[in-house]
Amino acid sequence: MSATNFNTKNDTYRKLMGNGLTYRIPRFQRDYSWGEDEWDDLWQDILGTIVEGGEPAHYMGYLVLQSADDRVFDVIDGQQRLTTLSIIVLTALKNLQRLIDENKEPERTRQRLDQLRQTYIGYLDPVTLVPRSKLTLNRNNDNYYQTYLVPLAENLPQRRIRASEHGLRRSF
């Protein structure tokens, strides 16, 4: 019987997503299911890190990852938090895009948007101009995430979508 290797460490979201690795939520994991209560808890924790005298960092809890090659990691536990944090970043990018469209420091804002996208979300393939995401959701949610949220689509579908996709849309 082979020994199981456990590697535990505290990392920031930036170290996790800014390390050039990719993460995927396996097919067997449940669909996105967070709602108002969970979003509010996470948001309040994040806000608590930016107030004077607040927490120095947000403790995300445990992420359980599994990998065969140390480049692509399956998210065994923590997929709801990881997905929601990704959506928070995408929402920030959407607001930066709005500032660019309003011609508010467009060059500097574009640099911010591009840097945040590359660090936390993925990159834009220079040949196909198709976004390549660092996070892949499960089989029921990934198409909606990659098609509408990652490219910061203007009009998100509201009909003929799964309940979990409604959750992704509302979160965004």
# chains A, B, ... in the order shown; residues from 1 in each chain; ligands from 1
>>> select_by_dssp(residues="region 3-107 of chain A", states="alpha helix (DSSP H)", output="number ranges by chain")
A: 13-17, 36-47, 79-101, 106-107
>>> write_last_selection(atoms="N, CA and C atoms", output="tab-separated table (two decimals), in the first residue's frame")
chain	number	residue	atom	x	y	z
A	13	TYR	N	-4.93	33.89	-1.56
A	13	TYR	CA	-5.63	33.67	-2.83
A	13	TYR	C	-4.72	34.06	-3.99
A	14	ARG	N	-3.94	35.10	-3.80
A	14	ARG	CA	-3.01	35.52	-4.86
A	14	ARG	C	-1.98	34.44	-5.14
A	15	LYS	N	-1.41	33.84	-4.09
A	15	LYS	CA	-0.43	32.77	-4.31
A	15	LYS	C	-1.08	31.56	-4.96
A	16	LEU	N	-2.30	31.27	-4.57
A	16	LEU	CA	-3.01	30.12	-5.12
A	16	LEU	C	-3.30	30.32	-6.60
A	17	MET	N	-3.87	31.46	-6.96
A	17	MET	CA	-4.29	31.68	-8.34
A	17	MET	C	-3.20	32.31	-9.20
A	36	GLU	N	-27.40	34.01	-0.88
A	36	GLU	CA	-27.23	35.26	-0.14
A	36	GLU	C	-26.47	35.11	1.18
A	37	ASP	N	-26.83	34.13	1.99
A	37	ASP	CA	-26.19	33.98	3.30
A	37	ASP	C	-24.69	33.72	3.18
A	38	GLU	N	-24.31	32.79	2.31
A	38	GLU	CA	-22.90	32.47	2.14
A	38	GLU	C	-22.14	33.62	1.51
A	39	TRP	N	-22.74	34.29	0.51
A	39	TRP	CA	-22.09	35.44	-0.12
A	39	TRP	C	-21.86	36.53	0.91
A	40	ASP	N	-22.87	36.79	1.73
A	40	ASP	CA	-22.75	37.85	2.73
A	40	ASP	C	-21.67	37.52	3.76
A	41	ASP	N	-21.64	36.27	4.22
A	41	ASP	CA	-20.60	35.86	5.18
A	41	ASP	C	-19.21	36.09	4.60
A	42	LEU	N	-19.00	35.64	3.37
A	42	LEU	CA	-17.70	35.81	2.73
A	42	LEU	C	-17.37	37.29	2.55
A	43	TRP	N	-18.33	38.05	2.07
A	43	TRP	CA	-18.11	39.48	1.82
A	43	TRP	C	-17.79	40.23	3.11
A	44	GLN	N	-18.51	39.91	4.18
A	44	GLN	CA	-18.23	40.56	5.47
A	44	GLN	C	-16.83	40.22	5.97
A	45	ASP	N	-16.42	38.96	5.75
A	45	ASP	CA	-15.05	38.57	6.13
A	45	ASP	C	-14.02	39.36	5.33
A	46	ILE	N	-14.27	39.53	4.05
A	46	ILE	CA	-13.33	40.28	3.20
A	46	ILE	C	-13.29	41.74	3.63
A	47	LEU	N	-14.46	42.33	3.85
A	47	LEU	CA	-14.51	43.72	4.30
A	47	LEU	C	-13.78	43.90	5.63
A	79	GLN	N	-14.74	24.10	-3.41
A	79	GLN	CA	-15.12	24.59	-4.74
A	79	GLN	C	-16.09	25.76	-4.68
A	80	GLN	N	-16.98	25.80	-3.70
A	80	GLN	CA	-17.94	26.91	-3.61
A	80	GLN	C	-17.21	28.23	-3.31
A	81	ARG	N	-16.28	28.19	-2.36
A	81	ARG	CA	-15.50	29.38	-2.00
A	81	ARG	C	-14.63	29.82	-3.16
A	82	LEU	N	-13.94	28.88	-3.78
A	82	LEU	CA	-13.04	29.22	-4.88
A	82	LEU	C	-13.82	29.83	-6.04
A	83	THR	N	-14.98	29.26	-6.35
A	83	THR	CA	-15.81	29.80	-7.43
A	83	THR	C	-16.30	31.20	-7.08
A	84	THR	N	-16.75	31.39	-5.85
A	84	THR	CA	-17.27	32.70	-5.45
A	84	THR	C	-16.17	33.76	-5.45
A	85	LEU	N	-14.98	33.41	-4.97
A	85	LEU	CA	-13.88	34.37	-5.02
A	85	LEU	C	-13.54	34.73	-6.46
A	86	SER	N	-13.59	33.76	-7.34
A	86	SER	CA	-13.35	34.02	-8.76
A	86	SER	C	-14.41	34.98	-9.31
A	87	ILE	N	-15.66	34.79	-8.91
A	87	ILE	CA	-16.73	35.67	-9.38
A	87	ILE	C	-16.55	37.08	-8.83
A	88	ILE	N	-16.07	37.20	-7.61
A	88	ILE	CA	-15.79	38.54	-7.06
A	88	ILE	C	-14.74	39.25	-7.92
A	89	VAL	N	-13.70	38.54	-8.30
A	89	VAL	CA	-12.67	39.13	-9.16
A	89	VAL	C	-13.27	39.50	-10.51
A	90	LEU	N	-14.09	38.62	-11.08
A	90	LEU	CA	-14.72	38.91	-12.37
A	90	LEU	C	-15.62	40.15	-12.27
A	91	THR	N	-16.30	40.31	-11.16
A	91	THR	CA	-17.15	41.49	-10.96
A	91	THR	C	-16.30	42.76	-10.90
A	92	ALA	N	-15.16	42.68	-10.24
A	92	ALA	CA	-14.24	43.82	-10.21
A	92	ALA	C	-13.75	44.14	-11.62
A	93	LEU	N	-13.44	43.11	-12.39
A	93	LEU	CA	-13.00	43.32	-13.77
A	93	LEU	C	-14.11	43.97	-14.61
A	94	LYS	N	-15.33	43.54	-14.39
A	94	LYS	CA	-16.47	44.12	-15.10
A	94	LYS	C	-16.59	45.61	-14.78
A	95	ASN	N	-16.35	45.98	-13.53
A	95	ASN	CA	-16.41	47.39	-13.15
A	95	ASN	C	-15.25	48.18	-13.73
A	96	LEU	N	-14.08	47.57	-13.81
A	96	LEU	CA	-12.95	48.24	-14.47
A	96	LEU	C	-13.25	48.45	-15.95
A	97	GLN	N	-13.88	47.44	-16.59
A	97	GLN	CA	-14.25	47.59	-18.00
A	97	GLN	C	-15.24	48.74	-18.17
A	98	ARG	N	-16.17	48.88	-17.22
A	98	ARG	CA	-17.12	49.99	-17.27
A	98	ARG	C	-16.40	51.33	-17.20
A	99	LEU	N	-15.38	51.43	-16.34
A	99	LEU	CA	-14.60	52.67	-16.24
A	99	LEU	C	-13.86	52.97	-17.55
A	100	ILE	N	-13.35	51.93	-18.19
A	100	ILE	CA	-12.68	52.11	-19.49
A	100	ILE	C	-13.69	52.63	-20.50
A	101	ASP	N	-14.88	52.01	-20.53
A	101	ASP	CA	-15.92	52.43	-21.47
A	101	ASP	C	-16.35	53.87	-21.23
A	106	PRO	N	-8.47	55.47	-19.16
A	106	PRO	CA	-8.59	54.20	-19.88
A	106	PRO	C	-7.29	53.39	-19.98
A	107	GLU	N	-6.15	54.05	-20.18
A	107	GLU	CA	-4.89	53.31	-20.33
A	107	GLU	C	-4.50	52.63	-19.01
>>> closest_residue(among="A:Leu137, A:Val150, A:Leu156, A:Ala57", to="Tyr32 (chain A)", atoms="only C-alpha atoms")
A:Leu137
>>> atom_distance(atom1="CA of Gln115 (chain A)", atom2="CA of Leu152 (chain A)")
15.4 Å
>>> residues_around(residues="Thr8 (chain A)", least_positions_apart="5", cutoff="12 Å", atoms="only C-alpha atoms", output="MDAnalysis selection string")
chainID A and resid 61:65
>>> residues_around(residues="Asn138 (chain A)", least_positions_apart="3", cutoff="9 Å", atoms="only C-alpha atoms", output="list in words")
Arg24, Ile25, Pro26, Arg27, Phe28, Gln29, Arg30, Asp31, Tyr32, Asn141, Asp142 and Asn143 of chain A
>>> select_by_dssp(residues="chain A", states="strand (DSSP E or B)", output="PyMOL selection string")
chain A and resi 22-24+64-66+72-77+122-124+131-133+135-136
>>> write_last_selection(atoms="N, CA and C atoms", output="short mmCIF file (atom, residue, chain, number, x, y, z; two decimals), in the first residue's frame")
data_model
loop_
_atom_site.label_atom_id
_atom_site.label_comp_id
_atom_site.auth_asym_id
_atom_site.auth_seq_id
_atom_site.Cartn_x
_atom_site.Cartn_y
_atom_site.Cartn_z
N THR A 22 -3.49 25.51 -12.80
CA THR A 22 -4.91 25.56 -13.09
C THR A 22 -5.66 24.63 -12.14
N TYR A 23 -6.92 24.95 -11.95
CA TYR A 23 -7.76 24.23 -11.00
C TYR A 23 -9.05 23.84 -11.70
N ARG A 24 -9.50 22.63 -11.43
CA ARG A 24 -10.77 22.19 -12.02
C ARG A 24 -11.61 21.51 -10.96
N VAL A 64 -9.04 21.34 -0.39
CA VAL A 64 -8.44 20.02 -0.58
C VAL A 64 -8.25 19.85 -2.08
N LEU A 65 -6.99 19.71 -2.47
CA LEU A 65 -6.63 19.62 -3.88
C LEU A 65 -5.95 18.28 -4.15
N GLN A 66 -6.14 17.77 -5.36
CA GLN A 66 -5.52 16.52 -5.76
C GLN A 66 -4.94 16.71 -7.16
N VAL A 72 -2.11 20.76 -12.78
CA VAL A 72 -3.56 20.85 -12.81
C VAL A 72 -4.08 20.17 -11.55
N PHE A 73 -4.89 20.90 -10.78
CA PHE A 73 -5.37 20.40 -9.51
C PHE A 73 -6.88 20.24 -9.53
N ASP A 74 -7.35 19.08 -9.09
CA ASP A 74 -8.78 18.87 -8.89
C ASP A 74 -9.13 19.43 -7.51
N VAL A 75 -10.21 20.20 -7.45
CA VAL A 75 -10.67 20.78 -6.18
C VAL A 75 -11.64 19.79 -5.55
N ILE A 76 -11.18 19.11 -4.52
CA ILE A 76 -11.98 18.10 -3.85
C ILE A 76 -12.88 18.74 -2.80
N ASP A 77 -12.39 19.76 -2.13
CA ASP A 77 -13.20 20.50 -1.16
C ASP A 77 -12.82 21.97 -1.25
N GLY A 122 -7.05 34.19 -15.69
CA GLY A 122 -6.46 33.48 -16.81
C GLY A 122 -5.90 34.47 -17.80
N TYR A 123 -5.80 34.05 -19.01
CA TYR A 123 -5.23 34.93 -20.03
C TYR A 123 -6.05 34.85 -21.29
N LEU A 124 -5.88 35.83 -22.13
CA LEU A 124 -6.54 35.87 -23.42
C LEU A 124 -5.58 35.31 -24.45
N PRO A 131 -10.62 33.53 -24.06
CA PRO A 131 -10.06 33.50 -22.71
C PRO A 131 -9.75 32.07 -22.27
N ARG A 132 -8.61 31.87 -21.63
CA ARG A 132 -8.20 30.58 -21.07
C ARG A 132 -8.21 30.74 -19.55
N SER A 133 -9.12 30.06 -18.92
CA SER A 133 -9.36 30.26 -17.50
C SER A 133 -8.48 29.36 -16.64
N LEU A 135 -9.56 28.42 -13.76
CA LEU A 135 -10.54 27.63 -13.03
C LEU A 135 -11.55 27.05 -14.00
N THR A 136 -11.76 25.76 -13.89
CA THR A 136 -12.79 25.08 -14.68
C THR A 136 -13.81 24.52 -13.71
#
>>> closest_residue(among="A:Ser171, A:Gln146, A:Thr49, A:Gln111", to="Ser33 (chain A)", atoms="only C-alpha atoms")
A:Ser171
>>> atom_distance(atom1="CA of Gly35 (chain A)", atom2="CA of Tyr59 (chain A)")
19.6 Å
>>> closest_residue(among="A:Gly78, A:Tyr144, A:Asn10, A:Gly48", to="Trp34 (chain A)", atoms="only C-alpha atoms")
A:Gly78
>>> residues_around(residues="Glu165 (chain A)", least_positions_apart="2", cutoff="9 Å", atoms="only C-alpha atoms", output="ChimeraX atom specification")
/A:31-32,140-141,144-145,158,161-163,167-170
